[in-house]
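Participant: To be precise about what I am sending: the file is called entry_37.pdb and holds PDB, C-alpha atoms and all ligand atoms.
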ATOM      1  CA  MET A  74       0.000   0.000   0.000  1.00  0.00           C
ATOM      2  CA  THR A  75       1.348   3.408  -0.920  1.00  0.00           C
ATOM      3  CA  THR A  76       1.293   5.713   2.040  1.00  0.00           C
ATOM      4  CA  PHE A  77       1.367   9.491   1.925  1.00  0.00           C
ATOM      5  CA  LYS A  78       4.829   9.384   3.462  1.00  0.00           C
ATOM      6  CA  HIS A  79       5.911   6.922   0.820  1.00  0.00           C
ATOM      7  CA  LEU A  80       4.659   9.220  -1.965  1.00  0.00           C
ATOM      8  CA  ARG A  81       6.398  12.195  -0.453  1.00  0.00           C
ATOM      9  CA  GLN A  82       9.598  10.249  -0.247  1.00  0.00           C
ATOM     10  CA  ARG A  83       9.289   9.138  -3.851  1.00  0.00           C
ATOM     11  CA  SER A  84       8.485  12.581  -5.169  1.00  0.00           C
ATOM     12  CA  GLY A  85      11.374  13.900  -3.093  1.00  0.00           C
ATOM     13  CA  ILE A  86      13.729  11.460  -4.755  1.00  0.00           C
ATOM     14  CA  VAL A  87      12.242  12.098  -8.179  1.00  0.00           C
ATOM     15  CA  GLY A  88      12.467  15.839  -7.586  1.00  0.00           C
ATOM     16  CA  THR A  89      16.110  15.608  -6.585  1.00  0.00           C
ATOM     17  CA  LEU A  90      16.853  13.412  -9.558  1.00  0.00           C
ATOM     18  CA  MET A  91      15.081  15.830 -11.909  1.00  0.00           C
ATOM     19  CA  ALA A  92      17.010  18.757 -10.472  1.00  0.00           C
ATOM     20  CA  LEU A  93      20.258  16.861 -10.924  1.00  0.00           C
ATOM     21  CA  ILE A  94      19.361  15.909 -14.490  1.00  0.00           C
ATOM     22  CA  LEU A  95      18.438  19.528 -15.297  1.00  0.00           C
ATOM     23  CA  LEU A  96      21.616  20.814 -13.699  1.00  0.00           C
ATOM     24  CA  THR A  97      23.850  18.375 -15.482  1.00  0.00           C
ATOM     25  CA  THR A  98      22.148  18.528 -18.874  1.00  0.00           C
ATOM     26  CA  ALA A  99      21.293  22.224 -19.089  1.00  0.00           C
ATOM     27  CA  PRO A 100      24.658  23.421 -20.428  1.00  0.00           C
ATOM     28  CA  GLY A 101      24.786  20.450 -22.803  1.00  0.00           C
ATOM     29  CA  SER A 102      21.353  21.172 -24.206  1.00  0.00           C
ATOM     30  CA  VAL A 103      22.288  24.790 -24.886  1.00  0.00           C
ATOM     31  CA  ALA A 104      25.367  23.669 -26.797  1.00  0.00           C
ATOM     32  CA  GLN A 105      23.258  21.107 -28.609  1.00  0.00           C
ATOM     33  CA  GLN A 106      20.831  23.815 -29.727  1.00  0.00           C
ATOM     34  CA  SER A 107      23.469  25.528 -31.795  1.00  0.00           C
ATOM     35  CA  THR A 108      23.961  22.415 -33.888  1.00  0.00           C
ATOM     36  CA  THR A 109      20.520  20.788 -33.827  1.00  0.00           C
ATOM     37  CA  THR A 110      17.950  22.392 -36.058  1.00  0.00           C
ATOM     38  CA  THR A 111      14.999  20.108 -35.502  1.00  0.00           C
ATOM     39  CA  GLU A 112      13.985  21.007 -31.961  1.00  0.00           C
ATOM     40  CA  ARG A 113      13.126  24.670 -32.341  1.00  0.00           C
ATOM     41  CA  GLU A 114      10.655  26.848 -34.179  1.00  0.00           C
ATOM     42  CA  PHE A 115      13.239  28.428 -36.481  1.00  0.00           C
ATOM     43  CA  ILE A 116      16.984  28.675 -36.968  1.00  0.00           C
ATOM     44  CA  GLU A 117      18.368  31.887 -35.518  1.00  0.00           C
ATOM     45  CA  LEU A 118      19.933  34.310 -37.979  1.00  0.00           C
ATOM     46  CA  GLN A 119      23.620  33.381 -38.211  1.00  0.00           C
ATOM     47  CA  THR A 120      24.783  36.842 -39.297  1.00  0.00           C
ATOM     48  CA  SER A 121      24.341  40.382 -37.980  1.00  0.00           C
ATOM     49  CA  ILE A 122      22.081  43.295 -38.839  1.00  0.00           C
ATOM     50  CA  ASN A 123      25.202  45.247 -39.810  1.00  0.00           C
ATOM     51  CA  ALA A 124      26.378  42.585 -42.272  1.00  0.00           C
ATOM     52  CA  MET A 125      22.882  42.072 -43.655  1.00  0.00           C
ATOM     53  CA  MET A 126      22.261  45.774 -44.132  1.00  0.00           C
ATOM     54  CA  VAL A 127      25.282  45.937 -46.407  1.00  0.00           C
ATOM     55  CA  ALA A 128      25.098  42.559 -48.169  1.00  0.00           C
ATOM     56  CA  VAL A 129      21.334  42.216 -48.597  1.00  0.00           C
ATOM     57  CA  VAL A 130      19.210  45.253 -47.673  1.00  0.00           C
ATOM     58  CA  ASP A 131      21.353  47.973 -49.248  1.00  0.00           C
ATOM     59  CA  TRP A 132      22.391  45.802 -52.186  1.00  0.00           C
ATOM     60  CA  ALA A 133      18.854  44.835 -53.121  1.00  0.00           C
ATOM     61  CA  ALA A 134      17.319  48.269 -52.426  1.00  0.00           C
ATOM     62  CA  HIS A 135      19.720  49.991 -54.829  1.00  0.00           C
ATOM     63  CA  GLU A 136      18.487  47.801 -57.659  1.00  0.00           C
ATOM     64  CA  VAL A 137      14.890  48.628 -56.811  1.00  0.00           C
ATOM     65  CA  TRP A 138      15.756  52.347 -56.951  1.00  0.00           C
ATOM     66  CA  GLU A 139      17.785  51.976 -60.166  1.00  0.00           C
ATOM     67  CA  ALA A 140      14.842  50.303 -61.875  1.00  0.00           C
ATOM     68  CA  GLY A 141      12.560  53.125 -60.751  1.00  0.00           C
ATOM     69  CA  TYR A 142      14.830  55.647 -62.484  1.00  0.00           C
ATOM     70  CA  ALA A 143      15.856  53.561 -65.532  1.00  0.00           C
ATOM     71  CA  GLU A 144      15.027  55.023 -68.955  1.00  0.00           C
ATOM     72  CA  THR A 145      13.634  51.769 -70.246  1.00  0.00           C
ATOM     73  CA  LEU A 146      13.007  48.392 -68.662  1.00  0.00           C
ATOM     74  CA  THR A 147      13.011  45.214 -70.736  1.00  0.00           C
ATOM     75  CA  GLY A 148      11.141  42.072 -69.697  1.00  0.00           C
ATOM     76  CA  ARG A 149      14.420  40.707 -68.406  1.00  0.00           C
ATOM     77  CA  ASN A 150      15.016  43.895 -66.387  1.00  0.00           C
ATOM     78  CA  TRP A 151      11.615  43.503 -64.738  1.00  0.00           C
ATOM     79  CA  LEU A 152      12.497  39.922 -63.839  1.00  0.00           C
ATOM     80  CA  THR A 153      15.846  41.036 -62.398  1.00  0.00           C
ATOM     81  CA  VAL A 154      14.336  43.752 -60.245  1.00  0.00           C
ATOM     82  CA  LYS A 155      11.700  41.296 -59.050  1.00  0.00           C
ATOM     83  CA  GLN A 156      14.459  39.042 -57.678  1.00  0.00           C
ATOM     84  CA  TYR A 157      16.047  41.960 -55.812  1.00  0.00           C
ATOM     85  CA  ALA A 158      12.726  43.154 -54.413  1.00  0.00           C
ATOM     86  CA  THR A 159      12.017  39.610 -53.212  1.00  0.00           C
ATOM     87  CA  GLN A 160      15.398  39.526 -51.444  1.00  0.00           C
ATOM     88  CA  LEU A 161      14.610  42.841 -49.808  1.00  0.00           C
ATOM     89  CA  LEU A 162      11.181  41.650 -48.716  1.00  0.00           C
ATOM     90  CA  ALA A 163      12.620  38.515 -47.091  1.00  0.00           C
ATOM     91  CA  SER A 164      15.367  40.536 -45.395  1.00  0.00           C
ATOM     92  CA  GLY A 165      12.684  42.675 -43.704  1.00  0.00           C
ATOM     93  CA  THR A 166      11.740  39.760 -41.486  1.00  0.00           C
ATOM     94  CA  LEU A 167      15.400  39.063 -40.686  1.00  0.00           C
ATOM     95  CA  VAL A 168      15.890  42.724 -39.765  1.00  0.00           C
ATOM     96  CA  SER A 169      12.933  42.440 -37.397  1.00  0.00           C
ATOM     97  CA  LEU A 170      14.429  39.313 -35.771  1.00  0.00           C
ATOM     98  CA  GLY A 171      18.043  40.486 -35.416  1.00  0.00           C
ATOM     99  CA  GLY A 172      21.105  38.262 -35.399  1.00  0.00           C
ATOM    100  CA  THR A 173      24.625  38.057 -34.059  1.00  0.00           C
ATOM    101  CA  GLY A 174      25.501  41.788 -33.895  1.00  0.00           C
ATOM    102  CA  PRO A 175      26.399  43.208 -30.471  1.00  0.00           C
ATOM    103  CA  ALA A 176      23.374  45.554 -30.387  1.00  0.00           C
ATOM    104  CA  ASP A 177      20.919  43.471 -32.439  1.00  0.00           C
ATOM    105  CA  MET A 178      18.895  42.010 -29.578  1.00  0.00           C
ATOM    106  CA  THR A 179      18.519  45.373 -27.836  1.00  0.00           C
ATOM    107  CA  TRP A 180      17.286  46.948 -31.079  1.00  0.00           C
ATOM    108  CA  VAL A 181      14.753  44.262 -31.972  1.00  0.00           C
ATOM    109  CA  GLN A 182      13.146  44.434 -28.531  1.00  0.00           C
ATOM    110  CA  ASN A 183      12.274  48.078 -29.124  1.00  0.00           C
ATOM    111  CA  PRO A 184       8.722  48.489 -30.555  1.00  0.00           C
ATOM    112  CA  GLU A 185      10.000  51.427 -32.625  1.00  0.00           C
ATOM    113  CA  TRP A 186      12.418  49.032 -34.367  1.00  0.00           C
ATOM    114  CA  GLN A 187       9.535  46.729 -35.210  1.00  0.00           C
ATOM    115  CA  ARG A 188       7.512  49.637 -36.607  1.00  0.00           C
ATOM    116  CA  TRP A 189      10.342  50.648 -38.955  1.00  0.00           C
ATOM    117  CA  SER A 190      10.935  47.038 -40.013  1.00  0.00           C
ATOM    118  CA  ALA A 191       7.221  46.739 -40.786  1.00  0.00           C
ATOM    119  CA  ARG A 192       7.404  49.919 -42.863  1.00  0.00           C
ATOM    120  CA  MET A 193      10.326  48.534 -44.840  1.00  0.00           C
ATOM    121  CA  ILE A 194       8.316  45.382 -45.507  1.00  0.00           C
ATOM    122  CA  ARG A 195       5.231  47.380 -46.514  1.00  0.00           C
ATOM    123  CA  ASP A 196       7.156  49.657 -48.921  1.00  0.00           C
ATOM    124  CA  THR A 197       8.876  46.655 -50.484  1.00  0.00           C
ATOM    125  CA  ARG A 198       5.560  44.858 -50.944  1.00  0.00           C
ATOM    126  CA  ASP A 199       4.274  47.976 -52.721  1.00  0.00           C
ATOM    127  CA  ALA A 200       7.345  47.861 -54.958  1.00  0.00           C
ATOM    128  CA  LEU A 201       6.683  44.206 -55.763  1.00  0.00           C
ATOM    129  CA  VAL A 202       3.056  44.952 -56.676  1.00  0.00           C
ATOM    130  CA  ALA A 203       4.310  47.695 -59.026  1.00  0.00           C
ATOM    131  CA  ILE A 204       6.864  45.276 -60.510  1.00  0.00           C
ATOM    132  CA  GLU A 205       4.202  42.617 -61.135  1.00  0.00           C
ATOM    133  CA  ALA A 206       2.148  45.251 -62.959  1.00  0.00           C
ATOM    134  CA  GLN A 207       5.282  46.584 -64.756  1.00  0.00           C
ATOM    135  CA  ASP A 208       4.180  50.000 -63.499  1.00  0.00           C
ATOM    136  CA  GLN A 209       7.368  52.083 -63.332  1.00  0.00           C
ATOM    137  CA  PRO A 210       5.847  55.291 -61.827  1.00  0.00           C
ATOM    138  CA  ALA A 211       4.360  53.167 -59.010  1.00  0.00           C
ATOM    139  CA  LEU A 212       7.755  51.492 -58.539  1.00  0.00           C
ATOM    140  CA  LEU A 213       9.440  54.892 -58.346  1.00  0.00           C
ATOM    141  CA  ALA A 214       6.887  56.084 -55.758  1.00  0.00           C
ATOM    142  CA  ALA A 215       7.310  52.938 -53.631  1.00  0.00           C
ATOM    143  CA  GLY A 216      11.094  53.398 -53.893  1.00  0.00           C
ATOM    144  CA  GLU A 217      10.819  56.949 -52.608  1.00  0.00           C
ATOM    145  CA  ARG A 218       8.779  55.833 -49.607  1.00  0.00           C
ATOM    146  CA  LEU A 219      11.409  53.159 -49.020  1.00  0.00           C
ATOM    147  CA  VAL A 220      14.240  55.727 -48.876  1.00  0.00           C
ATOM    148  CA  ASN A 221      12.341  57.617 -46.197  1.00  0.00           C
ATOM    149  CA  THR A 222      11.944  54.402 -44.239  1.00  0.00           C
ATOM    150  CA  CYS A 223      15.672  53.574 -44.417  1.00  0.00           C
ATOM    151  CA  GLU A 224      16.517  57.092 -43.300  1.00  0.00           C
ATOM    152  CA  GLY A 225      13.849  57.183 -40.590  1.00  0.00           C
ATOM    153  CA  CYS A 226      15.180  54.059 -38.917  1.00  0.00           C
ATOM    154  CA  HIS A 227      18.801  55.139 -39.355  1.00  0.00           C
ATOM    155  CA  GLU A 228      18.126  58.490 -37.688  1.00  0.00           C
ATOM    156  CA  ILE A 229      16.937  56.719 -34.566  1.00  0.00           C
ATOM    157  CA  PHE A 230      19.114  53.624 -34.401  1.00  0.00           C
ATOM    158  CA  LYS A 231      22.164  53.699 -36.660  1.00  0.00           C
ATOM    159  CA  PRO A 232      25.369  54.541 -34.764  1.00  0.00           C
ATOM    160  CA  SER A 233      27.757  56.978 -36.508  1.00  0.00           C
ATOM    161  CA  SER A 234      30.145  54.104 -37.131  1.00  0.00           C
ATOM    162  CA  PRO A 235      28.661  50.634 -37.624  1.00  0.00           C
ATOM    163  CA  THR A 236      29.072  48.248 -34.664  1.00  0.00           C
ATOM    164  CA  GLU A 237      31.055  45.782 -36.771  1.00  0.00           C
ATOM    165  CA  GLY A 238      32.692  48.336 -39.047  1.00  0.00           C
ATOM    166  CA  ILE A 239      30.885  46.995 -42.130  1.00  0.00           C
ATOM    167  CA  MET A 240      30.081  49.893 -44.470  1.00  0.00           C
ATOM    168  CA  HIS A 241      28.094  50.388 -47.653  1.00  0.00           C
ATOM    169  CA  VAL A 242      29.855  48.771 -50.636  1.00  0.00           C
ATOM    170  CA  PRO A 243      29.706  50.535 -54.042  1.00  0.00           C
ATOM    171  CA  HIS A 244      27.297  48.726 -56.278  1.00  0.00           C
ATOM    172  CA  HIS A 245      27.996  46.417 -59.122  1.00  0.00           C
ATOM    173  CA  ASP A 246      31.464  47.510 -60.101  1.00  0.00           C
ATOM    174  CA  TYR A 247      31.264  44.561 -62.470  1.00  0.00           C
ATOM    175  CA  GLY A 248      28.436  46.208 -64.392  1.00  0.00           C
ATOM    176  CA  ASP A 249      24.770  46.999 -63.932  1.00  0.00           C
ATOM    177  CA  PRO A 250      22.660  43.820 -64.081  1.00  0.00           C
ATOM    178  CA  LEU A 251      19.675  45.897 -65.158  1.00  0.00           C
ATOM    179  CA  ALA A 252      21.576  46.854 -68.302  1.00  0.00           C
ATOM    180  CA  VAL A 253      21.465  43.211 -69.510  1.00  0.00           C
ATOM    181  CA  GLN A 254      19.237  43.012 -72.584  1.00  0.00           C
TER     182      GLN A 254
HETATM  183  C1  LIG A 301      14.631  48.888 -38.682  1.00  0.00           C
HETATM  184  C2  LIG A 301      15.731  49.818 -38.845  1.00  0.00           C
HETATM  185  C3  LIG A 301      16.460  49.927 -40.135  1.00  0.00           C
HETATM  186  C4  LIG A 301      15.941  49.953 -41.406  1.00  0.00           C
HETATM  187  C5  LIG A 301      14.470  49.898 -41.818  1.00  0.00           C
HETATM  188  C6  LIG A 301      17.051  50.075 -42.296  1.00  0.00           C
HETATM  189  N1  LIG A 301      18.224  50.110 -41.605  1.00  0.00           N
HETATM  190 FE1  LIG A 301      20.082  50.162 -42.414  1.00  0.00          FE
HETATM  191  N2  LIG A 301      20.896  50.065 -40.571  1.00  0.00           N
HETATM  192  C7  LIG A 301      20.196  50.051 -39.394  1.00  0.00           C
HETATM  193  C8  LIG A 301      21.132  49.994 -38.283  1.00  0.00           C
HETATM  194  C9  LIG A 301      20.787  49.987 -36.813  1.00  0.00           C
HETATM  195  C10 LIG A 301      22.418  49.953 -38.837  1.00  0.00           C
HETATM  196  C11 LIG A 301      23.755  49.862 -38.105  1.00  0.00           C
HETATM  197  C12 LIG A 301      24.049  48.423 -37.750  1.00  0.00           C
HETATM  198  C13 LIG A 301      25.218  48.282 -36.818  1.00  0.00           C
HETATM  199  O1  LIG A 301      26.002  49.229 -36.677  1.00  0.00           O
HETATM  200  O2  LIG A 301      25.335  47.171 -36.225  1.00  0.00           O
HETATM  201  C14 LIG A 301      22.226  49.991 -40.297  1.00  0.00           C
HETATM  202  C15 LIG A 301      23.285  49.979 -41.190  1.00  0.00           C
HETATM  203  C16 LIG A 301      23.151  50.141 -42.552  1.00  0.00           C
HETATM  204  C17 LIG A 301      24.265  50.189 -43.491  1.00  0.00           C
HETATM  205  C18 LIG A 301      25.753  49.991 -43.148  1.00  0.00           C
HETATM  206  C19 LIG A 301      26.358  51.100 -42.404  1.00  0.00           C
HETATM  207  C20 LIG A 301      26.809  52.244 -43.278  1.00  0.00           C
HETATM  208  O3  LIG A 301      26.654  53.376 -42.777  1.00  0.00           O
HETATM  209  O4  LIG A 301      27.290  52.041 -44.423  1.00  0.00           O
HETATM  210  C21 LIG A 301      23.723  50.383 -44.736  1.00  0.00           C
HETATM  211  C22 LIG A 301      24.480  50.514 -46.044  1.00  0.00           C
HETATM  212  C23 LIG A 301      22.273  50.444 -44.570  1.00  0.00           C
HETATM  213  N3  LIG A 301      21.962  50.271 -43.232  1.00  0.00           N
HETATM  214  C24 LIG A 301      21.363  50.609 -45.600  1.00  0.00           C
HETATM  215  C25 LIG A 301      19.979  50.563 -45.446  1.00  0.00           C
HETATM  216  C26 LIG A 301      19.035  50.730 -46.528  1.00  0.00           C
HETATM  217  C27 LIG A 301      19.383  50.995 -47.958  1.00  0.00           C
HETATM  218  C28 LIG A 301      17.782  50.587 -45.968  1.00  0.00           C
HETATM  219  C29 LIG A 301      16.453  50.673 -46.634  1.00  0.00           C
HETATM  220  C30 LIG A 301      16.197  49.915 -47.813  1.00  0.00           C
HETATM  221  C31 LIG A 301      17.965  50.346 -44.542  1.00  0.00           C
HETATM  222  N4  LIG A 301      19.306  50.354 -44.266  1.00  0.00           N
HETATM  223  C32 LIG A 301      16.922  50.144 -43.673  1.00  0.00           C
HETATM  224  C33 LIG A 301      18.827  50.081 -39.234  1.00  0.00           C
HETATM  225  C34 LIG A 301      17.912  50.047 -40.268  1.00  0.00           C
END
Take the structure in this file and express it as structure tokens.

Facilitator:
Amino acid sequence: MTTFKHLRQRSGIVGTLMALILLTTAPGSVAQQSTTTTEREFIELQTSINAMMVAVVDWAAHEVWEAGYAETLTGRNWLTVKQYATQLLASGTLVSLGGTGPADMTWVQNPEWQRWSARMIRDTRDALVAIEAQDQPALLAAGERLVNTCEGCHEIFKPSSPTEGIMHVPHHDYGDPLAVQ
């Protein structure tokens, strides 16, 4: 017969065991998380906001702006700018999540950061709608709203020198992909 005392004893032992297991496995499970991708909702961004701003956001946005100002756009040009706008759209979510940069997690916890990320996503979606319709004036207008969004967020958050020292890279020194016929 299981007595109350018996139960208490058992749960005491179980509790102690559990605590021991947690204590001894906790550091291991953290280390495991960085290599296992199946036990979490998503894989954390493995790069920083600084690096992404330069390699993805800035890179893709310049092509969206170039297309807005281009004299003519061929079918191939529209396809090219669609790829860049899609990259920019996807990067909006990454910007809202933050990554490995020293200030990233502080920034993304600020509601103001989320508002500006949402604006970047909204402006880029507008650009994509214009691209689908091959409507260059609408693309230009969406691009202009996008510039204001970049600048608005930078005014509040961007330090005078980037946290990781990664700066804007001049675009496409190898030639303008939108010029391809
Ligand atoms: C949600 C806020 C936010 C938005 C929106 C945003 N940025 Fe940034 N950007 C930053 C922050 C913060 C940094 C500095 C990162 C660091 O120092 O770690 C940065 C850095 C940069 C840099 C590198 C630093 C430099 O001065 O050269 C470039 C280039 C850049 N952003 C371009 C853009 C462009 C283009 C857009 C719009 C299409 C944009 N950013 C939208 C917050 C934002």

Participant: Tell me which of A:Arg188, A:Ala133, A:Gly141, A:Glu228 sits closest to Ala203 (chain A), counting all atoms listed in the file.

Facilitator: A:Gly141

Participant: A:Met193, A:Val127, A:Leu161, A:Leu170: which is nearest Phe115 (chain A), counting only C-alpha atoms?

Facilitator: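 Closest residue, counting only C-alpha atoms: A:Leu170.
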
Participant: With 8 Å as the threshold, what does the neighbourhood of (25.2, 34.8, -38.6) contain in terms of residues, counting all atoms listed in the file? Coordinates are those of the file; answer as a VMD selection string.

Facilitator: chain A and resid 118 to 121 172 to 173

Participant: I would like the residues chosen by the PyMOL selection byres (((not hetatm)) within 7 of (chain A and resi 301)) on the shown file; could you give them as a PyMOL selection string?

Facilitator: chain A and resi 122-123+126-127+130-131+134-135+168-169+174+176-177+186-187+189-190+193+219-220+222-224+226-227+230-232+234-237+239-241

Participant: Can you pull out the residues contacting Tyr157 (chain A)? Cut-off 7 Å, using all atoms listed in the file, and skip same-chain residues under 2 positions away; I want them as an mmCIF file with C-alpha atoms, in the frame of the given file.

Facilitator:
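The new file selection_27.cif reads:
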data_model
loop_
_atom_site.group_PDB
_atom_site.id
_atom_site.type_symbol
_atom_site.label_atom_id
_atom_site.label_comp_id
_atom_site.auth_asym_id
_atom_site.auth_seq_id
_atom_site.Cartn_x
_atom_site.Cartn_y
_atom_site.Cartn_z
ATOM 1 C CA ALA A 133 18.854 44.835 -53.121
ATOM 2 C CA GLU A 136 18.487 47.801 -57.659
ATOM 3 C CA VAL A 137 14.890 48.628 -56.811
ATOM 4 C CA THR A 153 15.846 41.036 -62.398
ATOM 5 C CA VAL A 154 14.336 43.752 -60.245
ATOM 6 C CA LYS A 155 11.700 41.296 -59.050
ATOM 7 C CA THR A 159 12.017 39.610 -53.212
ATOM 8 C CA GLN A 160 15.398 39.526 -51.444
ATOM 9 C CA LEU A 161 14.610 42.841 -49.808
#

Participant: Expressed in Å to a single decimal, how great is the separation between CA of Trp151 (chain A) and CA of Ala191 (chain A)?

Facilitator: 24.6 Å

Participant: Of the residues A:Asp208, A:Gln156, A:Glu117, A:Gly148, which is the one nearest to Trp132 (chain A), using all atoms listed in the file?

Facilitator: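 Of the candidates, the smallest distance to Trp132 (chain A) is held by A:Gln156.
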
Participant: Figure out the distance between CA of Thr166 (chain A) and CA of Ala214 (chain A), please, to one decimal in Å.

Facilitator: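 Computed distance, CA of Ala214 (chain A) to CA of Thr166 (chain A), equals 22.2 Å.
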
Participant: Record the distance separating CA of Gly216 (chain A) and CA of Thr179 (chain A), expressed in Å with one decimal.

Facilitator: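 Distance between the two atoms: 28.3 Å.
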
Participant: Convert the output of the PyMOL selection byres (((chain A and resi 142) around 12) and not hetatm) on the shown file into explicit residues, formatted as a PyMOL selection string.

Facilitator: chain A and resi 135-141+143-146+209-217+251
